[in-house]
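Written below as structure tokens is the structure these notes are about.
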Amino acid sequence: MSEPDIPLLPGSPRRLSPRAVARGGQGPKRGQQYLKVPGSQAPGPQGSSDHDRDSGPPSGGGSSCGSSVINNYLDANEPVSSEARLSRMHFHDNQRKVDYVLAYHYRKRGVHPGHGSPGPSLAIVSNGETGKEPRAGGHGDIELGPLDALEEERKEQREEFEHNLMEAGLELEKDVESKSQGSIFVRIHAPWQVLAREAEFLKIKVPTKKMYEIKSEGSIAKKFNELLQKLSSPLKPRVPEHSNNKMKNLSYPFSREKMYLYNIQDKDTFFDNATRSRIVHEILKRTACSRANNTMGINSLIANNIYEAAYPLHDGEYDSPGDDTNDRKLLYQEWARYGVFYKFQPIDLIRKYFGEKIGLYFAWLGLYTSFLIPSSVIGVIVFLYGCATIEEDIPSKEMCDQQNAFTMCPLCDKSCDYWNLSSACGTAKASHLFDNPATVFFSIFMALWATMFLENWKRLQMRLGYFWDLTGIEEEEVSFLEHSRPEYETKVREKMLKASGKSVVQKLGTNMAEDEDEDDEDKLTWKDRFPGYLMNFASILFMIALTFSIVFGVIVYRITTAAALSLNKATRSNVRVTVTATAVIINLVVILILDEIYGAVATWLTKIEVPKTEQTFEERLILKAFLLKFVNAYSPIFYVAFFKGRFVGRPGSYVYVFDGYRMEECAPGGCLMELCIQLSIIMLGKQLIQNNIFEIGVPKLKKLFRKLKDETEPGETDSAHSKHPEQWDLDYSLEPYTGLTPEYMEMIIQFGFVTLFVASFPLAPVFALLNNVIEVRLDAKKFVTELRRPDAVRTKDIGIWFDILSGIGKFSVISNAFVIAITSDFIPRLVYQYAYSHNGTLHGFVNHTLSFFNVSQLKEGTQPENSQFDQEVQFCRFKDYREPPWAPNPYEFSKQYWSILSARLAFVIIFQNLVMFLSVLVDWMIPDIPTDISDQIKKEKGLLVDFFLKEEHEKLKLTDEPAPRSLGGGRRSRSRAASSAPSGRSQPGSIASSASQHTNV
């Protein structure tokens, strides 16, 4: 068999075969050098046959001398013009797809460009070394000056890493470092053999040839579903259906030994772009670099600034003119624009483009937003009920009746005068809007709503898992793909060096197999992590204490400001409104600032813990960030709901914060109105400022800053290249993807606002719905237009976020029970109506809630100065249940107080158990797995077994048949029989000879 000539670029190592050396003068034409690769077809100078493109180097671990180079060649003197490029997603041969891109910045010293400016040139990497031997006398020659030690070391590490990637079977293409400094992009292509090998290793499910019909529902459900489909057709995005609702392919993990099972029509498109990039990313994560202290994976190299970025390419430009469509452009037109806010999300296309993890996030966000619609409707009805019954509320009428003349005790010492309760008429009526019997019903509804939402999400998650072929993913199948984080490797290496006492050179020279046997030294124990755990515990306690201190500081601000404003007659009438509004704004600003600080602190605390894997790191970061942000967002609301007005004392025995400053009281209508104001301003402020303005404005400012920096930075630019930038250049200018944690976090905090205190603010679901309609498109636009394409991550659920949601749902039952029992007047009204009212109505309720105080018993110096009250005051009233001054035990808690307290505790217990029971009932009535999906999964397993047996039977029949005497028949027989051979055999169904198909995969 002849050994073909494969062109070798100038500067690549000349490892020619003996036969090539023996040929002597029969060298390549000017500007080309050929490399001998045994066992491959002879390619032309500009390309290769289909077989060559399907034949890749052997798997990692083999000798570099046995690996083949890239099977295409581009002369550095003959650059390809931008107009000649057919696709910006491929190598410059327009054949091999760019599956991944590595980017780094290089710098040269003492560079003296040769005569004439060098044109846009390429270097095709064969073994990870580029441009070390510049051609002599060529056009655009450059003289390489000495690089500084750090740049030289990084260059060597990159060369070794790229060499190892070639040994793993990947094909690389990169630019020539022809300028004094700049960015270089290493394009990576995974040939079919590598894709097949890694797909089998990663247990990637792919469709087989067998299709089956999905079981349809009953006749009534089927007709209702068809009607629903017709009615909702205007709301559907105009994207191709990726999953037929009636037919589905049987899926099975890819296996090179069972290639006959799969319908492989085109090897270049059998694996979609997301899967190809995921496969390459897995290789990048596990490829080692011995020069970088045996660093494992691309993440470690990026952490050490050897590379700047690693990312898969977008499928093209989202706003390109013309009729050319790609998935990114389709997503932008039908999903990532505010003009299509009314349409459903194309979840299947999102999953195909971004992967399962991001697909599940947007599916969860879409379900959550749709579930807010019924809760918003009920919330508006509850609010309208309060508006409709405001004139019929007896306690409000009594408070507004000036004939009752309830003379109230002063609200502060000295400067505050006695006042009439009828002056708080507006507050009483406003409180009724949110403090009425309908809020109790709404609280029960929202607790069941949270349970229904979580149950429906579990069902939707299972349905998506079935259609996305995620039902077979087990934890142990994913755990072995988790690679150690760079920081963890560094800590382990430091521990090993410290324990062994060896020098760095000695340790790096040891055998890796010996290191694996040292169980105590190659991992971090709890003793190693104890300082980090201690720092975490102390820091979290400090941050929580800091939050409480700020809340207390705002309380002091309210008290002192109220006292100061009360001294001035002009501002005395608006004291409560002014103090409440300014204090809530201060709280909002503090919450927004601390949110950013706590996010950074949580990241730092998680890093010093040194988790081993990225999944562990993410889970611990989420827990810390959620705990800190939960306390930060809700502590002011908890104070108003459960603590304000509880520790005031009584006239003549007030509780003072500082000398002369009394603890603040609730408004005459109760604290529920103030709780509503606090909750609404914080919730709306966070959504408007943090979730929308920050998300829209900050990326635009960053983009503008980068643009200005690029324009002002002196450097060498290529005008032709700037007019026609490549896709990897466009993607490099985008923001890096940092994960879904911020997206989930803002929605989880919002979920808490909607559920935890919904008894005080029935309109919370409405504002959450309006925010989420914008949020879905905002996140979509960010992912499609502003971020680099994320790596496709395969996962079957939303992870720890579901546990957090479930915990918030359970805690909301308790919090709403206490809001109704303690903060609102629902229980006192109920007790009065059925235990103390003479006619079973609420007439006389206001008088019942007010206690008497003898003004002569006020402490010296606290009496009102220059009282302007119309009449002589002997007794003033204050809101509490205490014995009157003429009782045997004056000012002690009355019997009514203990009755109401008992009723409040009883209500909390009954409400909590009732709602918990209903939630468990709903959970039991709604199965986690839809019946039709569980039936289809069982059916699919049976069909898969039958399909396997049928295919194996046909294969055995072909194998047992006597070989025909003709040569062609023999070849077909051998090829068919070889389809079940191990990985190093010929491709199934091929009619080529086994000699020409011999490729190690």
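We name chains A, B, ... following the order of the structure tokens; residues begin at 1 in each chain, and ligands are numbered from 1 as shown.
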Within 8 Å of Ser856 in chain A, counting only C-alpha atoms, which residues show up once you throw out same-chain ones fewer than 2 positions away? Write them as an MDAnalysis selection string, please. chainID A and resid 854 858 874
Output of the above residues as a short mmCIF file (atom, residue, chain, number, x, y, z; two decimals), in the first residue's frame, restricted to all heavy atoms:
data_model
loop_
_atom_site.label_atom_id
_atom_site.label_comp_id
_atom_site.auth_asym_id
_atom_site.auth_seq_id
_atom_site.Cartn_x
_atom_site.Cartn_y
_atom_site.Cartn_z
N ASN A 854 -54.59 57.02 82.89
CA ASN A 854 -54.76 58.26 83.65
C ASN A 854 -53.56 59.16 83.37
O ASN A 854 -52.42 58.83 83.69
CB ASN A 854 -54.85 57.93 85.15
CG ASN A 854 -55.28 59.12 85.97
OD1 ASN A 854 -55.18 60.26 85.53
ND2 ASN A 854 -55.77 58.85 87.18
N LEU A 858 -48.49 60.12 84.03
CA LEU A 858 -47.37 60.28 83.11
C LEU A 858 -46.12 60.70 83.87
O LEU A 858 -46.20 61.47 84.84
CB LEU A 858 -47.71 61.32 82.04
CG LEU A 858 -48.67 60.89 80.93
CD1 LEU A 858 -49.06 62.10 80.08
CD2 LEU A 858 -48.05 59.82 80.06
N GLN A 874 -58.48 63.91 81.04
CA GLN A 874 -58.21 63.18 82.29
C GLN A 874 -57.72 61.77 81.99
O GLN A 874 -56.82 61.26 82.65
CB GLN A 874 -59.47 63.13 83.14
CG GLN A 874 -59.25 62.48 84.50
CD GLN A 874 -60.52 62.44 85.33
OE1 GLN A 874 -61.58 62.89 84.89
NE2 GLN A 874 -60.43 61.93 86.56
#
Selection: 12 Å around range 556-567 of chain A, only C-alpha atoms, excl. self and same-chain fewer than 5 positions, as an mmCIF file with C-alpha atoms, in the first residue's frame:
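Result went into around.cif, see below:
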data_model
loop_
_atom_site.group_PDB
_atom_site.id
_atom_site.type_symbol
_atom_site.label_atom_id
_atom_site.label_comp_id
_atom_site.auth_asym_id
_atom_site.auth_seq_id
_atom_site.Cartn_x
_atom_site.Cartn_y
_atom_site.Cartn_z
ATOM 1 C CA PRO A 410 -49.300 61.330 72.833
ATOM 2 C CA LEU A 411 -47.120 59.506 70.306
ATOM 3 C CA CYS A 412 -43.927 61.022 71.703
ATOM 4 C CA ASP A 413 -42.729 62.794 74.821
ATOM 5 C CA LYS A 414 -43.126 66.556 75.389
ATOM 6 C CA SER A 415 -43.539 67.756 71.787
ATOM 7 C CA CYS A 416 -46.474 65.470 70.870
ATOM 8 C CA ASP A 417 -49.993 66.419 71.904
ATOM 9 C CA SER A 549 -27.321 45.830 62.674
ATOM 10 C CA ILE A 550 -28.307 47.752 59.548
ATOM 11 C CA VAL A 551 -31.973 46.958 60.182
ATOM 12 C CA ARG A 572 -45.857 67.191 62.475
ATOM 13 C CA SER A 573 -48.895 66.138 60.456
ATOM 14 C CA ASN A 574 -46.889 64.097 57.894
ATOM 15 C CA VAL A 575 -44.421 62.484 60.259
ATOM 16 C CA ARG A 576 -45.525 58.888 59.741
ATOM 17 C CA VAL A 577 -45.682 59.091 55.944
ATOM 18 C CA THR A 578 -42.307 60.815 55.654
ATOM 19 C CA VAL A 579 -40.530 58.463 58.044
ATOM 20 C CA THR A 580 -42.012 55.317 56.498
ATOM 21 C CA ALA A 581 -41.236 56.316 52.888
ATOM 22 C CA THR A 582 -37.653 57.427 53.529
ATOM 23 C CA ALA A 583 -36.883 54.406 55.721
ATOM 24 C CA VAL A 584 -38.137 51.975 53.062
ATOM 25 C CA ILE A 585 -36.029 53.696 50.382
ATOM 26 C CA ILE A 586 -32.974 53.463 52.640
ATOM 27 C CA ASN A 587 -33.727 49.778 53.188
ATOM 28 C CA LYS A 644 -42.636 46.407 65.300
ATOM 29 C CA VAL A 648 -43.369 49.573 73.000
ATOM 30 C CA TYR A 656 -36.687 53.604 75.262
ATOM 31 C CA VAL A 657 -33.928 52.868 72.741
ATOM 32 C CA PHE A 658 -31.747 55.753 73.797
ATOM 33 C CA ASP A 659 -32.371 58.427 76.340
ATOM 34 C CA GLY A 660 -35.584 60.133 75.309
ATOM 35 C CA TYR A 661 -36.333 58.021 72.169
ATOM 36 C CA ARG A 662 -39.315 55.698 72.503
ATOM 37 C CA MET A 663 -39.664 52.502 70.485
ATOM 38 C CA GLU A 664 -41.883 53.075 67.469
ATOM 39 C CA GLU A 665 -45.488 51.948 67.401
ATOM 40 C CA PRO A 864 -47.296 67.431 76.328
ATOM 41 C CA GLU A 865 -45.971 70.980 76.390
#
Please report the interatomic distance between CA of Leu313 in chain A and CA of Lys179 in chain A in Å with one decimal. 24.6 Å
Calculate how many Å separate CA of Pro395 in chain A from CA of Val846 in chain A, rounding to one decimal. 6.0 Å
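In this comparison, which uses only C-alpha atoms, the residue of A:Asn225, A:Asn816, A:Gln265, A:Gln871 approaching Asn420 in chain A most closely is A:Gln871.
The nearest approach to Glu674 in chain A among the residues A:Asp469, A:Asp731, A:Asp435, A:Glu282, with only C-alpha atoms taken into account, belongs to A:Asp435.
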If we count only C-alpha atoms, what is near Asn691 in chain A at a cut-off of 8 Å, once residues fewer than 4 positions away on the same chain are taken out, given as a PyMOL selection string? chain A and resi 686-687+695+746+775
Selection export as a JSON list (two decimals), in the first residue's frame, atoms kept: C-alpha atoms:
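File out_18.json, as written:
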[["chain", "number", "residue", "atom", "x", "y", "z"],
["A", 686, "LYS", "CA", -35.44, 45.06, 43.37],
["A", 687, "GLN", "CA", -37.23, 43.95, 40.23],
["A", 695, "GLU", "CA", -29.23, 43.43, 33.59],
["A", 746, "GLU", "CA", -33.47, 36.55, 41.50],
["A", 775, "GLU", "CA", -37.57, 38.77, 32.40]]
Would you kindly return, as a short mmCIF file (atom, residue, chain, number, x, y, z; two decimals) with all heavy atoms, in the first residue's frame, each protein, DNA or RNA residue with an atom no farther than 9 Å from any atom of range 449-458 of chain A, considering only C-alpha atoms and excluding same-chain residues fewer than 5 positions away?
data_model
loop_
_atom_site.label_atom_id
_atom_site.label_comp_id
_atom_site.auth_asym_id
_atom_site.auth_seq_id
_atom_site.Cartn_x
_atom_site.Cartn_y
_atom_site.Cartn_z
N ALA A 363 -37.64 26.39 30.81
CA ALA A 363 -38.91 25.68 30.98
C ALA A 363 -39.49 25.95 32.36
O ALA A 363 -40.70 26.16 32.51
CB ALA A 363 -38.68 24.18 30.78
N TRP A 364 -38.62 25.93 33.39
CA TRP A 364 -39.08 26.23 34.76
C TRP A 364 -39.58 27.67 34.86
O TRP A 364 -40.64 27.93 35.45
CB TRP A 364 -37.92 26.02 35.73
CG TRP A 364 -38.23 26.45 37.12
CD1 TRP A 364 -38.88 25.73 38.09
CD2 TRP A 364 -37.94 27.74 37.71
NE1 TRP A 364 -39.00 26.47 39.23
CE2 TRP A 364 -38.44 27.70 39.04
CE3 TRP A 364 -37.31 28.88 37.25
CZ2 TRP A 364 -38.31 28.79 39.90
CZ3 TRP A 364 -37.19 29.97 38.10
CH2 TRP A 364 -37.69 29.91 39.41
N LEU A 367 -42.99 27.92 33.19
CA LEU A 367 -44.07 27.34 34.00
C LEU A 367 -44.40 28.24 35.19
O LEU A 367 -45.57 28.46 35.52
CB LEU A 367 -43.67 25.94 34.48
CG LEU A 367 -44.73 25.21 35.30
CD1 LEU A 367 -45.90 24.82 34.41
CD2 LEU A 367 -44.15 23.98 35.97
N TYR A 368 -43.37 28.77 35.84
CA TYR A 368 -43.57 29.67 36.97
C TYR A 368 -44.35 30.92 36.54
O TYR A 368 -45.30 31.35 37.23
CB TYR A 368 -42.21 30.05 37.56
CG TYR A 368 -42.23 31.13 38.61
CD1 TYR A 368 -43.14 31.10 39.67
CD2 TYR A 368 -41.34 32.20 38.55
CE1 TYR A 368 -43.16 32.09 40.63
CE2 TYR A 368 -41.36 33.20 39.51
CZ TYR A 368 -42.26 33.14 40.54
OH TYR A 368 -42.28 34.13 41.50
N PHE A 371 -47.96 30.01 35.91
CA PHE A 371 -48.68 29.76 37.16
C PHE A 371 -49.01 31.06 37.90
O PHE A 371 -49.91 31.08 38.75
CB PHE A 371 -47.87 28.83 38.06
CG PHE A 371 -48.39 27.43 38.10
CD1 PHE A 371 -48.22 26.59 37.02
CD2 PHE A 371 -49.06 26.96 39.21
CE1 PHE A 371 -48.71 25.30 37.03
CE2 PHE A 371 -49.56 25.67 39.24
CZ PHE A 371 -49.38 24.83 38.16
N SER A 375 -52.87 33.04 40.07
CA SER A 375 -52.68 33.69 41.37
C SER A 375 -52.84 35.20 41.26
O SER A 375 -53.34 35.85 42.19
CB SER A 375 -51.30 33.35 41.94
OG SER A 375 -50.28 33.79 41.08
N ILE A 444 -54.37 30.69 52.11
CA ILE A 444 -54.53 29.24 51.93
C ILE A 444 -54.36 28.88 50.45
O ILE A 444 -53.69 27.89 50.10
CB ILE A 444 -55.91 28.78 52.45
CG1 ILE A 444 -56.02 29.06 53.95
CG2 ILE A 444 -56.14 27.30 52.16
CD1 ILE A 444 -57.39 28.77 54.53
N ARG A 463 -41.69 14.90 31.84
CA ARG A 463 -42.12 14.87 30.43
C ARG A 463 -40.99 15.33 29.52
O ARG A 463 -40.72 14.72 28.48
CB ARG A 463 -43.36 15.76 30.26
CG ARG A 463 -44.03 15.65 28.91
CD ARG A 463 -45.31 16.47 28.87
NE ARG A 463 -46.30 15.95 29.80
CZ ARG A 463 -47.13 14.93 29.52
NH1 ARG A 463 -47.07 14.35 28.34
NH2 ARG A 463 -47.99 14.52 30.41
N THR A 755 -44.84 34.42 48.01
CA THR A 755 -45.47 33.41 48.87
C THR A 755 -45.36 33.71 50.37
O THR A 755 -46.30 33.44 51.12
CB THR A 755 -44.84 32.03 48.61
OG1 THR A 755 -43.42 32.12 48.79
CG2 THR A 755 -45.14 31.56 47.20
N ASP A 797 -32.53 17.52 36.05
CA ASP A 797 -33.39 18.34 36.91
C ASP A 797 -32.70 19.67 37.18
O ASP A 797 -31.60 19.92 36.68
CB ASP A 797 -33.71 17.62 38.22
CG ASP A 797 -32.46 17.12 38.93
OD1 ASP A 797 -31.42 17.80 38.87
OD2 ASP A 797 -32.50 16.03 39.53
N PHE A 802 -34.66 23.14 43.42
CA PHE A 802 -35.96 22.57 43.76
C PHE A 802 -36.12 22.41 45.26
O PHE A 802 -37.20 22.67 45.81
CB PHE A 802 -36.14 21.21 43.06
CG PHE A 802 -37.50 20.59 43.30
CD1 PHE A 802 -38.58 20.95 42.52
CD2 PHE A 802 -37.70 19.67 44.32
CE1 PHE A 802 -39.83 20.40 42.73
CE2 PHE A 802 -38.94 19.12 44.55
CZ PHE A 802 -40.01 19.48 43.75
N LEU A 805 -36.87 25.83 46.67
CA LEU A 805 -38.26 26.20 46.40
C LEU A 805 -39.22 25.47 47.33
O LEU A 805 -40.16 26.07 47.87
CB LEU A 805 -38.61 25.87 44.94
CG LEU A 805 -38.09 26.81 43.86
CD1 LEU A 805 -38.27 26.17 42.50
CD2 LEU A 805 -38.83 28.13 43.92
N SER A 806 -38.98 24.18 47.53
CA SER A 806 -39.83 23.40 48.42
C SER A 806 -39.76 23.94 49.84
O SER A 806 -40.77 24.04 50.54
CB SER A 806 -39.41 21.93 48.36
OG SER A 806 -40.23 21.14 49.18
N GLY A 809 -41.72 27.14 50.10
CA GLY A 809 -43.15 26.85 50.09
C GLY A 809 -43.65 26.41 51.46
O GLY A 809 -44.73 26.85 51.91
N LYS A 810 -42.88 25.58 52.14
CA LYS A 810 -43.29 25.13 53.48
C LYS A 810 -43.17 26.27 54.49
O LYS A 810 -44.03 26.42 55.38
CB LYS A 810 -42.43 23.93 53.91
CG LYS A 810 -42.73 22.65 53.13
CD LYS A 810 -41.83 21.53 53.57
CE LYS A 810 -42.22 20.21 52.93
NZ LYS A 810 -42.16 20.25 51.45
N SER A 919 -51.79 20.33 51.31
CA SER A 919 -50.63 20.25 50.41
C SER A 919 -50.22 18.80 50.20
O SER A 919 -49.91 18.39 49.07
CB SER A 919 -49.46 21.04 51.00
OG SER A 919 -49.79 22.40 51.15
N VAL A 920 -50.21 18.02 51.28
CA VAL A 920 -49.88 16.59 51.14
C VAL A 920 -50.92 15.89 50.29
O VAL A 920 -50.61 15.01 49.48
CB VAL A 920 -49.75 15.95 52.53
CG1 VAL A 920 -49.63 14.44 52.41
CG2 VAL A 920 -48.57 16.52 53.28
N VAL A 922 -52.74 17.25 47.89
CA VAL A 922 -52.49 17.63 46.50
C VAL A 922 -51.29 16.86 45.95
O VAL A 922 -51.30 16.37 44.81
CB VAL A 922 -52.26 19.15 46.40
CG1 VAL A 922 -51.74 19.53 45.03
CG2 VAL A 922 -53.54 19.90 46.70
N ASP A 923 -50.25 16.74 46.79
CA ASP A 923 -49.05 15.99 46.37
C ASP A 923 -49.38 14.54 46.08
O ASP A 923 -48.88 13.95 45.12
CB ASP A 923 -48.01 16.09 47.49
CG ASP A 923 -46.65 15.54 47.06
OD1 ASP A 923 -46.53 15.10 45.91
OD2 ASP A 923 -45.71 15.57 47.86
N ILE A 926 -51.61 14.19 42.76
CA ILE A 926 -50.93 14.47 41.49
C ILE A 926 -49.66 13.62 41.44
O ILE A 926 -48.70 13.88 42.17
CB ILE A 926 -50.57 15.96 41.37
CG1 ILE A 926 -51.83 16.82 41.48
CG2 ILE A 926 -49.85 16.23 40.06
CD1 ILE A 926 -51.56 18.31 41.45
N PRO A 927 -49.60 12.60 40.62
CA PRO A 927 -48.38 11.77 40.56
C PRO A 927 -47.22 12.55 39.97
O PRO A 927 -47.41 13.42 39.10
CB PRO A 927 -48.80 10.61 39.64
CG PRO A 927 -49.94 11.14 38.84
CD PRO A 927 -50.65 12.13 39.70
N ASP A 928 -46.02 12.24 40.45
CA ASP A 928 -44.83 12.93 39.96
C ASP A 928 -44.57 12.63 38.49
O ASP A 928 -44.09 13.50 37.75
CB ASP A 928 -43.60 12.53 40.79
CG ASP A 928 -43.69 13.03 42.22
OD1 ASP A 928 -44.55 13.89 42.48
OD2 ASP A 928 -42.92 12.56 43.07
N ILE A 929 -44.85 11.40 38.09
CA ILE A 929 -44.66 11.01 36.69
C ILE A 929 -46.03 10.90 36.02
O ILE A 929 -46.89 10.15 36.51
CB ILE A 929 -43.92 9.66 36.58
CG1 ILE A 929 -42.59 9.72 37.35
CG2 ILE A 929 -43.67 9.30 35.13
CD1 ILE A 929 -41.83 8.41 37.36
#
Give the strand (DSSP E or B) residues of range 719-966 of chain A, as assigned by DSSP on the backbone, as a PyMOL selection string. chain A and resi 735+787+850-854+875-879+882+893
Atoms kept (N, CA, C and O atoms) for selection, written as a PDB file, in the first residue's frame:
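What landed in again21.pdb:
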ATOM      1  N   GLU A 735     -19.714  38.772  26.129  1.00  0.00           N
ATOM      2  CA  GLU A 735     -19.467  38.525  27.543  1.00  0.00           C
ATOM      3  C   GLU A 735     -19.366  37.019  27.792  1.00  0.00           C
ATOM      4  O   GLU A 735     -20.114  36.239  27.209  1.00  0.00           O
ATOM      5  N   LEU A 787     -24.069  37.022  25.213  1.00  0.00           N
ATOM      6  CA  LEU A 787     -23.176  36.081  25.867  1.00  0.00           C
ATOM      7  C   LEU A 787     -22.555  35.138  24.846  1.00  0.00           C
ATOM      8  O   LEU A 787     -23.166  34.822  23.822  1.00  0.00           O
ATOM      9  N   LEU A 850     -59.109  49.479  72.744  1.00  0.00           N
ATOM     10  CA  LEU A 850     -58.400  50.612  73.339  1.00  0.00           C
ATOM     11  C   LEU A 850     -58.475  50.544  74.859  1.00  0.00           C
ATOM     12  O   LEU A 850     -59.552  50.314  75.439  1.00  0.00           O
ATOM     13  N   SER A 851     -57.341  50.726  75.497  1.00  0.00           N
ATOM     14  CA  SER A 851     -57.265  50.746  76.961  1.00  0.00           C
ATOM     15  C   SER A 851     -57.199  52.189  77.460  1.00  0.00           C
ATOM     16  O   SER A 851     -56.874  53.112  76.707  1.00  0.00           O
ATOM     17  N   PHE A 852     -57.498  52.357  78.765  1.00  0.00           N
ATOM     18  CA  PHE A 852     -57.497  53.683  79.383  1.00  0.00           C
ATOM     19  C   PHE A 852     -56.192  53.912  80.128  1.00  0.00           C
ATOM     20  O   PHE A 852     -55.586  52.977  80.679  1.00  0.00           O
ATOM     21  N   PHE A 853     -55.803  55.206  80.172  1.00  0.00           N
ATOM     22  CA  PHE A 853     -54.645  55.600  80.983  1.00  0.00           C
ATOM     23  C   PHE A 853     -54.933  56.939  81.645  1.00  0.00           C
ATOM     24  O   PHE A 853     -55.436  57.872  80.989  1.00  0.00           O
ATOM     25  N   ASN A 854     -54.590  57.025  82.886  1.00  0.00           N
ATOM     26  CA  ASN A 854     -54.760  58.255  83.654  1.00  0.00           C
ATOM     27  C   ASN A 854     -53.563  59.161  83.368  1.00  0.00           C
ATOM     28  O   ASN A 854     -52.418  58.827  83.687  1.00  0.00           O
ATOM     29  N   PHE A 875     -58.346  61.155  80.977  1.00  0.00           N
ATOM     30  CA  PHE A 875     -57.940  59.820  80.537  1.00  0.00           C
ATOM     31  C   PHE A 875     -57.656  59.871  79.030  1.00  0.00           C
ATOM     32  O   PHE A 875     -58.411  60.470  78.268  1.00  0.00           O
ATOM     33  N   CYS A 876     -56.565  59.238  78.633  1.00  0.00           N
ATOM     34  CA  CYS A 876     -56.281  59.050  77.200  1.00  0.00           C
ATOM     35  C   CYS A 876     -56.320  57.548  76.897  1.00  0.00           C
ATOM     36  O   CYS A 876     -56.183  56.721  77.794  1.00  0.00           O
ATOM     37  N   ARG A 877     -56.489  57.241  75.617  1.00  0.00           N
ATOM     38  CA  ARG A 877     -56.627  55.836  75.203  1.00  0.00           C
ATOM     39  C   ARG A 877     -55.370  55.403  74.439  1.00  0.00           C
ATOM     40  O   ARG A 877     -54.703  56.200  73.769  1.00  0.00           O
ATOM     41  N   PHE A 878     -55.025  54.141  74.534  1.00  0.00           N
ATOM     42  CA  PHE A 878     -53.928  53.556  73.762  1.00  0.00           C
ATOM     43  C   PHE A 878     -54.330  52.146  73.359  1.00  0.00           C
ATOM     44  O   PHE A 878     -55.123  51.495  74.041  1.00  0.00           O
ATOM     45  N   LYS A 879     -53.775  51.674  72.235  1.00  0.00           N
ATOM     46  CA  LYS A 879     -54.201  50.388  71.674  1.00  0.00           C
ATOM     47  C   LYS A 879     -53.487  49.253  72.386  1.00  0.00           C
ATOM     48  O   LYS A 879     -52.288  49.027  72.193  1.00  0.00           O
ATOM     49  N   ARG A 882     -55.339  46.045  78.306  1.00  0.00           N
ATOM     50  CA  ARG A 882     -54.854  46.174  79.673  1.00  0.00           C
ATOM     51  C   ARG A 882     -56.000  46.611  80.589  1.00  0.00           C
ATOM     52  O   ARG A 882     -56.996  47.192  80.145  1.00  0.00           O
ATOM     53  N   PHE A 893     -52.130  43.023  81.898  1.00  0.00           N
ATOM     54  CA  PHE A 893     -52.824  42.448  80.742  1.00  0.00           C
ATOM     55  C   PHE A 893     -54.181  41.904  81.177  1.00  0.00           C
ATOM     56  O   PHE A 893     -54.297  41.198  82.191  1.00  0.00           O
TER      57      PHE A 893
END
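Once Glu596 in chain A and its same-chain neighbours fewer than 3 positions away are set aside, Val589, Val590, Ile591, Leu592, Ile593, Gly599, Ala600, Val601, Ala602, Thr603, Ala625, Leu628, Lys629, Asn632, Gln690, Phe694 and Pro742 of chain A remain within 12 Å of it when counting only C-alpha atoms.
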Based on the selection just made, write C-alpha atoms of those residues as a tab-separated table (two decimals), in the first residue's frame.
chain	number	residue	atom	x	y	z
A	589	VAL	CA	-30.68	50.93	48.69
A	590	VAL	CA	-28.94	48.99	51.46
A	591	ILE	CA	-30.42	45.70	50.20
A	592	LEU	CA	-29.22	46.38	46.64
A	593	ILE	CA	-25.70	47.23	47.82
A	599	GLY	CA	-22.63	37.60	46.20
A	600	ALA	CA	-18.89	38.32	46.11
A	601	VAL	CA	-18.46	37.21	49.75
A	602	ALA	CA	-20.29	33.93	49.10
A	603	THR	CA	-17.99	33.23	46.13
A	625	ALA	CA	-25.55	33.14	48.58
A	628	LEU	CA	-27.16	35.74	52.92
A	629	LYS	CA	-29.51	37.24	50.32
A	632	ASN	CA	-30.74	40.64	53.54
A	690	GLN	CA	-31.60	45.05	40.08
A	694	PHE	CA	-28.76	46.33	36.01
A	742	PRO	CA	-27.83	34.75	39.28
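The spacing separating CA of Val758 in chain A from CA of Ser443 in chain A amounts to 6.5 Å.
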For range 778-781 of chain A, find every residue with an atom within 10 Å (counting only C-alpha atoms), except residues of its own chain fewer than 2 positions away, and show them as a ChimeraX atom specification. /A:331-332,335-338,345,350,362,691-692,695-696,743,772-776,783-787
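Between Ile373 in chain A and the residues A:Pro765, A:Pro930, A:Gly645, A:Gly942, the shortest atom-to-atom distance, using only C-alpha atoms, involves A:Pro765.
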Helix (DSSP H, G or I) residues, from DSSP on the backbone, in range 654-866 of chain A, as a PyMOL selection string: chain A and resi 672-712+719-723+727-732+741-756+764-786+800-823+826-836+845-849+855-857
Nearest to Pro312 in chain A, restricted to only C-alpha atoms and choosing among A:His281, A:Lys329, A:Lys352, A:Lys895, comes out as A:His281
Need the shell around range 820-822 of chain A: protein/DNA/RNA residues with any atom at most 9 Å away, counting only C-alpha atoms. Skip same-chain ones fewer than 6 positions apart. Format as a list in words? Asp435, Thr439, Val440, Ser443, Ala641, Phe642, Ala759, Ser760, Pro828, Leu901, Ala903, Arg904, Leu905, Phe907 and Val908 of chain A
